[in-house]
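A.B. asks: Got a file for you: target_8.txt, compact mmCIF, C-alpha atoms.
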```txt
# COMPACT_ATOMS: atom_id res chain seq x y z
CA MET A 1 123.22 95.23 141.41
CA ASN A 2 119.61 94.43 140.62
CA PRO A 3 119.42 93.33 136.93
CA THR A 4 116.43 95.60 136.29
CA LEU A 5 118.25 98.62 137.74
CA ARG A 6 121.39 97.78 135.74
CA LYS A 7 119.30 97.68 132.57
CA GLU A 8 117.68 101.06 133.37
CA ILE A 9 121.07 102.69 134.00
CA ARG A 10 122.52 101.25 130.79
CA GLU A 11 119.58 102.58 128.77
CA ALA A 12 119.80 106.00 130.43
CA LEU A 13 123.48 106.29 129.43
CA ALA A 14 122.90 105.09 125.87
CA LYS A 15 123.48 107.44 122.96
CA CYS A 16 121.95 107.67 119.52
CA ALA A 17 123.87 105.61 116.96
CA ILE A 18 124.49 108.75 114.91
CA ALA A 19 127.73 110.56 115.78
CA ASP A 20 127.47 113.98 117.46
CA CYS A 21 123.78 113.44 118.22
CA ASP A 22 122.99 114.19 121.86
CA GLU A 23 119.24 113.62 121.62
CA LEU A 24 117.80 110.96 123.92
CA PRO A 25 117.71 107.58 122.12
CA THR A 26 114.18 106.27 122.37
CA MET A 27 113.87 104.00 119.31
CA ARG A 28 114.83 100.51 118.31
CA LEU A 29 113.91 99.44 114.81
CA PRO A 30 111.59 96.49 114.19
CA GLN A 31 113.22 93.06 114.37
CA SER A 32 112.43 92.54 110.68
CA MET A 33 114.95 95.29 109.81
CA GLN A 34 117.73 93.19 111.38
CA VAL A 35 119.44 96.04 113.29
CA ARG A 36 117.94 95.51 116.75
CA ASN A 37 121.30 96.02 118.50
CA LEU A 38 121.26 99.79 117.83
CA VAL A 39 119.31 102.58 119.51
CA TRP A 40 118.34 105.87 117.89
CA CYS A 41 116.84 109.22 118.70
CA GLU A 42 113.41 109.69 117.16
CA GLU A 43 114.57 111.82 114.22
CA HIS A 44 117.42 109.57 113.13
CA GLY A 45 115.50 106.39 113.90
CA LYS A 46 112.68 107.44 111.61
CA ALA A 47 115.13 108.44 108.87
CA ILE A 48 117.01 105.14 108.81
CA ALA A 49 113.75 103.16 109.15
CA ARG A 50 112.36 104.92 106.10
CA THR A 51 115.52 104.19 104.12
CA ILE A 52 115.39 100.48 104.96
CA ALA A 53 111.64 100.22 104.34
CA GLU A 54 111.99 101.93 100.95
CA ARG A 55 114.68 99.49 99.86
CA ASP A 56 112.65 96.54 101.13
CA TYR A 57 109.60 97.70 99.18
CA ARG A 58 111.61 98.24 96.00
CA ASP A 59 113.06 94.73 96.28
CA PHE A 60 109.64 93.25 97.05
CA VAL A 61 108.07 94.79 93.93
CA TYR A 62 111.06 93.63 91.87
CA ALA A 63 110.67 90.05 93.16
CA LEU A 64 106.94 90.08 92.41
CA ARG A 65 107.65 91.22 88.87
CA LYS A 66 109.97 88.25 88.47
CA LEU A 67 106.94 86.12 89.37
CA GLY A 68 104.91 87.81 86.64
CA VAL A 69 103.05 90.27 88.90
CA LYS A 70 102.90 93.63 87.12
CA ARG A 71 100.55 95.60 89.37
CA GLN A 72 101.56 97.21 92.64
CA PRO A 73 100.76 95.12 95.75
CA THR A 74 97.71 95.97 97.85
CA LEU A 75 98.97 97.17 101.23
CA VAL A 76 96.99 97.12 104.48
CA ASP A 77 97.37 98.03 108.14
CA GLN A 78 98.72 94.81 109.66
CA ARG A 79 97.58 95.83 113.13
CA ILE A 80 93.89 95.55 112.38
CA GLY A 81 91.62 92.85 111.02
CA LEU A 82 91.14 89.20 111.81
CA VAL A 83 93.74 86.57 110.91
CA GLU A 84 91.22 84.58 108.90
CA GLU A 85 90.39 87.69 106.84
CA ARG A 86 93.92 88.28 105.60
CA GLN A 87 94.34 88.28 101.83
CA CYS A 88 97.38 87.99 99.61
CA CYS A 89 98.60 91.43 98.53
CA VAL A 90 98.74 90.32 94.90
CA ARG A 91 95.54 91.56 93.32
CA GLY A 92 93.25 88.77 92.22
CA CYS A 93 95.13 86.11 94.20
CA GLU A 94 92.99 84.07 96.60
CA GLY A 95 95.76 81.91 98.05
CA LYS A 96 95.91 81.28 101.78
CA VAL A 97 98.21 83.76 103.55
CA VAL A 98 101.41 82.29 105.03
CA SER A 99 103.64 85.30 105.74
CA GLY A 100 103.98 89.05 105.41
CA LEU A 101 106.13 92.19 105.48
CA ASP A 102 105.62 95.75 106.70
CA PHE A 103 106.99 98.69 104.69
CA ASP A 104 106.05 101.35 107.23
CA PRO A 105 107.13 104.20 107.43
CA TYR A 106 107.88 104.32 103.68
CA LYS A 107 104.34 103.17 102.91
CA GLU A 108 101.30 103.93 105.07
CA PRO A 109 99.59 101.55 105.36
CA GLY A 110 102.59 99.33 104.74
CA GLY A 111 101.50 95.76 105.41
CA ALA A 112 101.83 93.14 102.68
CA TRP A 113 100.53 89.60 103.21
CA VAL A 114 101.50 86.81 100.81
CA CYS A 115 100.37 83.30 100.04
CA ASP A 116 102.69 80.35 99.47
CA THR A 117 102.80 81.06 95.73
CA HIS A 118 104.21 84.55 96.32
CA TYR A 119 106.24 83.82 99.45
CA SER A 120 109.50 83.80 97.47
CA ALA A 121 109.19 87.62 97.20
CA VAL A 122 109.28 87.88 101.01
CA ASN A 123 112.22 85.50 101.13
CA TYR A 124 114.07 87.61 98.54
CA VAL A 125 113.63 90.78 100.62
CA THR A 126 114.82 89.04 103.79
CA LYS A 127 117.97 87.78 102.09
CA ARG A 128 118.79 91.25 100.76
CA LEU A 129 119.69 92.37 104.33
CA ASN A 130 118.79 95.98 103.62
CA GLY A 131 119.00 96.91 107.32
CA PRO A 132 122.61 95.76 107.83
CA ARG A 133 123.51 97.17 104.41
CA ALA A 134 122.25 100.63 105.35
CA ILE A 135 124.19 100.55 108.63
CA ASN A 136 127.37 99.47 106.84
CA GLU A 137 126.98 102.36 104.40
CA LEU A 138 126.87 104.83 107.27
CA ALA A 139 129.85 103.15 108.92
CA ARG A 140 131.94 103.23 105.72
CA GLU A 141 131.49 106.99 105.53
CA ARG A 142 133.92 107.23 108.47
CA THR A 143 136.57 105.03 106.85
CA PRO A 144 139.38 106.97 105.13
CA ARG A 145 139.53 106.16 101.46
CA LYS A 146 141.35 107.45 98.40
CA PRO A 147 139.82 110.80 97.46
CA ASP A 148 137.46 110.73 94.48
CA PRO A 149 137.52 114.17 92.79
CA VAL A 150 133.93 113.78 91.53
CA THR A 151 132.59 112.69 94.93
CA ALA A 152 134.59 115.37 96.72
CA LYS A 153 133.19 118.04 94.40
CA CYS A 154 129.65 116.76 94.97
CA LYS A 155 129.99 116.72 98.77
CA SER A 156 131.61 120.14 98.81
CA ALA A 157 128.75 121.59 96.76
CA ILE A 158 126.13 119.94 98.99
CA LEU A 159 127.78 121.31 102.14
CA GLU A 160 127.97 124.80 100.65
CA LEU A 161 124.38 124.82 99.43
CA SER A 162 123.09 123.25 102.64
CA ALA A 163 124.77 125.99 104.67
CA THR A 164 122.96 128.52 102.50
CA TYR A 165 119.49 126.99 102.59
CA TYR A 166 119.38 124.87 105.77
CA GLY A 167 116.50 125.88 108.03
CA GLN A 168 114.36 127.14 105.17
CA PRO A 169 111.20 125.25 104.16
CA ASN A 170 112.10 122.43 101.76
CA TYR A 171 115.81 123.28 101.84
CA ILE A 172 116.70 120.00 100.07
CA ARG A 173 114.67 121.10 97.06
CA ALA A 174 116.73 124.30 96.95
CA VAL A 175 119.95 122.29 97.25
CA CYS A 176 118.89 120.08 94.32
CA GLU A 177 118.12 123.11 92.19
CA GLY A 178 121.56 124.52 93.01
CA LEU A 179 123.34 121.26 92.21
CA GLN A 180 121.57 121.03 88.86
CA ARG A 181 122.43 124.64 87.97
CA ARG A 182 126.09 123.92 88.72
CA LYS A 183 125.92 120.61 86.80
CA ILE A 184 127.24 118.65 89.77
CA LYS A 185 127.02 114.95 88.92
CA MET A 186 124.88 112.48 90.87
CA PRO A 187 126.24 109.03 91.78
CA PRO A 188 126.37 107.32 88.37
CA HIS A 189 124.71 104.09 89.58
CA TRP A 190 121.62 106.13 90.51
CA VAL A 191 121.30 107.53 87.02
CA ASN A 192 121.89 104.15 85.39
CA GLU A 193 119.36 102.41 87.66
CA TRP A 194 116.63 105.03 87.20
CA ASN A 195 117.08 105.31 83.46
CA GLN A 196 116.99 101.54 83.02
CA ARG A 197 114.05 100.98 85.37
CA TYR A 198 111.87 104.01 84.61
CA LEU A 199 113.21 105.28 81.25
CA TRP A 200 113.51 108.85 82.58
CA GLY A 201 116.37 109.84 80.31
CA LEU A 202 118.24 111.64 83.10
CA GLN A 203 121.49 113.49 82.63
CA GLN A 204 124.02 112.93 85.44
CA TRP A 205 123.37 116.40 86.89
CA ASP A 206 119.55 116.28 86.81
CA TRP A 207 119.21 116.45 90.60
CA PHE A 208 116.04 118.55 90.62
CA VAL A 209 114.40 116.54 87.84
CA ALA A 210 115.00 113.31 89.79
CA TYR A 211 113.99 114.91 93.11
CA GLN A 212 110.50 115.52 91.72
CA LYS A 213 110.06 111.77 91.08
CA PRO A 214 108.51 109.89 94.05
CA GLU A 215 110.71 106.87 93.29
CA ALA A 216 113.91 108.94 93.69
CA LYS A 217 112.96 111.67 96.16
CA HIS A 218 113.69 109.92 99.45
CA ARG A 219 117.02 108.48 98.30
CA ILE A 220 118.18 111.97 97.37
CA GLU A 221 116.86 113.42 100.65
CA ASN A 222 118.71 110.81 102.71
CA PHE A 223 121.92 111.29 100.72
CA ILE A 224 121.95 115.06 101.14
CA SER A 225 120.92 114.88 104.81
CA ARG A 226 123.74 112.46 105.65
CA ILE A 227 126.36 114.63 104.01
CA ALA A 228 124.98 117.83 105.51
CA ARG A 229 124.53 116.82 109.11
CA ILE A 230 124.85 113.18 110.24
CA ARG A 231 127.63 110.62 110.75
CA LEU A 232 127.54 107.21 112.39
CA ARG A 233 129.23 106.86 115.78
CA PRO A 234 132.76 105.36 115.69
CA GLY A 235 133.00 101.59 115.96
CA ILE A 236 129.47 100.80 114.77
CA ARG A 237 129.15 98.25 112.00
```
Could I get this file's structure written as structure tokens?
C.D. replies:
Amino acid sequence: MNPTLRKEIREALAKCAIADCDELPTMRLPQSMQVRNLVWCEEHGKAIARTIAERDYRDFVYALRKLGVKRQPTLVDQRIGLVEERQCCVRGCEGKVVSGLDFDPYKEPGGAWVCDTHYSAVNYVTKRLNGPRAINELARERTPRKPDPVTAKCKSAILELSATYYGQPNYIRAVCEGLQRRKIKMPPHWVNEWNQRYLWGLQQWDWFVAYQKPEAKHRIENFISRIARIRLRPGIR
């Protein structure tokens, strides 16, 4: 068979990496996200891309802070502008640009160029392997494990509330309000991380309080969405 035709047939028969999704897979994530072997429908592709980009950006800012950079990086559209006009994303730095990252779709514009002095922040993000980590998290959700009463209670409440509010505008907001009213606990490492990093003083059941914070909103949205309606296809790691 003609190699080109074989490739077209294989792509036509492909399925979205998310279990039970019958939408046509049309997306591959950027090579920088390190999951190029998977294909996704547009909705799920955008969701996982945002998750990975958010984690990359968080790690990038953390690495810059370790270098003494306290201000947020200046992000640009990497698709426009001349190479010789590129500037380091660290404000006030005039070093010659040597590399860069793109945090789109979490940040728009999402491009961050760095000079040699700040390149270690890019290297840190690359070594974190946030793309493969996110895929492994989805895959582990299919692996039987010893029941955790707290986690089981949380998932049960999310499924119940999602069934009630799904389809309504901003249904995740309504789910968060319901979880907080019932005092359903969030994953404890979330609360510890946010309280240490941002000094929010969250209680473990402050779903709605955390949801209103830009730094926490998308993590909560992804968590609830995965429990409510998506699973990774069997065999994907």
A.B. asks: Which residues are near A:Gly100? Cut-off 6 Å, all atoms listed in the file, ignore same chain within fewer than 3 positions. Put them as a list in words.
C.D. replies: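 In the requested format, the answer is Ala112, Trp113 and Val114 of chain A.
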A.B. asks: Could the residues in this selection be written to a file with C-alpha atoms, as a PDB file, keeping the file's coordinate frame?
C.D. replies:
```pdb
ATOM      1  CA  ALA A 112     101.830  93.140 102.680  1.00  0.00           C
ATOM      2  CA  TRP A 113     100.530  89.600 103.210  1.00  0.00           C
ATOM      3  CA  VAL A 114     101.500  86.810 100.810  1.00  0.00           C
TER       4      VAL A 114
END
```
A.B. asks: Quick one: residues within 12 Å of A:Val125, all atoms listed in the file, excluding same-chain residues fewer than 2 positions away - as number ranges by chain?
C.D. replies: A: 32-34, 52-64, 100-103, 119-123, 127-131
A.B. asks: Name the residues in contact with stretch 169-174 of chain A at a cut-off of 10 Å, using all atoms listed in the file, excluding same-chain residues fewer than 6 positions from it; report them as a PyMOL selection string.
C.D. replies: chain A and resi 158+161-163+180+207-208+211-212+217+220-222+224-225
A.B. asks: Please, what distance in Å, to one decimal, runs between atom CA of A:Pro109 and atom CA of A:Gln87?
C.D. replies: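 Value for the atom CA of A:Pro109-atom CA of A:Gln87 distance: 14.7 Å.
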A.B. asks: Excluding same-chain residues fewer than 5 positions from A:Ala157, what lies within 10 Å of it counting all atoms listed in the file, as a PDB file with C-alpha atoms, in the frame of the given file?
C.D. replies:
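For reference, part_33.pdb as written:
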```
ATOM      1  CA  THR A 151     132.590 112.690  94.930  1.00  0.00           C
ATOM      2  CA  ALA A 152     134.590 115.370  96.720  1.00  0.00           C
ATOM      3  CA  SER A 162     123.090 123.250 102.640  1.00  0.00           C
ATOM      4  CA  ALA A 163     124.770 125.990 104.670  1.00  0.00           C
ATOM      5  CA  VAL A 175     119.950 122.290  97.250  1.00  0.00           C
ATOM      6  CA  GLY A 178     121.560 124.520  93.010  1.00  0.00           C
ATOM      7  CA  LEU A 179     123.340 121.260  92.210  1.00  0.00           C
ATOM      8  CA  ARG A 182     126.090 123.920  88.720  1.00  0.00           C
ATOM      9  CA  ILE A 184     127.240 118.650  89.770  1.00  0.00           C
TER      10      ILE A 184
END
```
A.B. asks: Kindly give the distance, in Å, that separates atom CA of A:Arg226 and atom CA of A:Ala19, rounded to a single decimal.
C.D. replies: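 Separating atom CA of A:Arg226 from atom CA of A:Ala19 is a distance of 11.1 Å.
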A.B. asks: Just checking: using only C-alpha atoms, which residue out of A:Leu75, A:Leu202, A:Cys176, A:Val39 ends up closest to A:Pro25?
C.D. replies: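 Checking each candidate against A:Pro25, we get A:Val39 as the closest.
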A.B. asks: Counting only C-alpha atoms, which of A:Cys115, A:Trp194, A:Met186, A:Glu94 gets nearest to A:Lys155?
C.D. replies: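 Comparing A:Cys115, A:Trp194, A:Met186, A:Glu94 against A:Lys155, the winner is A:Met186.
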A.B. asks: For the atom pair atom CA of A:Trp205 and atom CA of A:Asn192, what is the interatomic distance in Å to one decimal place?
C.D. replies: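 About the pair atom CA of A:Trp205 and atom CA of A:Asn192: they are 12.4 Å apart.
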A.B. asks: Using all atoms listed in the file, determine which residues lie at most 8 Å from A:Thr51, disregarding the query and same-chain residues fewer than 4 positions distant; provide the list as a VMD selection string.
C.D. replies: chain A and resid 47 55 106 134 218 to 219 222
A.B. asks: Write to file, as a tab-separated table (two decimals), in the frame of the given file, the residues of the selection just made, with C-alpha atoms.
C.D. replies:
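Output (part.tsv):
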```tsv
chain	number	residue	atom	x	y	z
A	47	ALA	CA	115.13	108.44	108.87
A	55	ARG	CA	114.68	99.49	99.86
A	106	TYR	CA	107.88	104.32	103.68
A	134	ALA	CA	122.25	100.63	105.35
A	218	HIS	CA	113.69	109.92	99.45
A	219	ARG	CA	117.02	108.48	98.30
A	222	ASN	CA	118.71	110.81	102.71
```
A.B. asks: I'd like to know which of A:Glu160, A:Ile48, A:Glu43, A:Lys15 is closest to A:Asn136, using only C-alpha atoms.
C.D. replies: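 Among A:Glu160, A:Ile48, A:Glu43, A:Lys15, it is A:Ile48 that comes nearest to A:Asn136.
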A.B. asks: Select, from A:Ile135, A:Val76, A:Ala216, A:Ala228, the residue with the minimum atom-to-atom distance to A:Val35, counting only C-alpha atoms.
C.D. replies: A:Ile135
A.B. asks: Counting all atoms listed in the file, which residue out of A:Asn195, A:Val69, A:Ile18, A:Thr126 sits closest to A:Val90?
C.D. replies: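 Checking each candidate against A:Val90, we get A:Val69 as the closest.
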A.B. asks: Which residue out of A:Ala49, A:Pro214, A:His44, A:Leu67 has the minimum interatomic distance to A:Gln31 when all atoms listed in the file are used?
C.D. replies: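 Looking only at the distances to A:Gln31, the closest residue turns out to be A:Ala49.
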A.B. asks: Using 8 Å of padding on each side, determine the axis-aligned box around all atoms of stretch 151-166 of chain A present in the file and give its centre and edge lengths in Å to one decimal, as JSON.
C.D. replies:
```
{"center_x": 127.0, "center_y": 120.6, "center_z": 100.1, "size_x": 31.2, "size_y": 31.8, "size_z": 27.4}
```
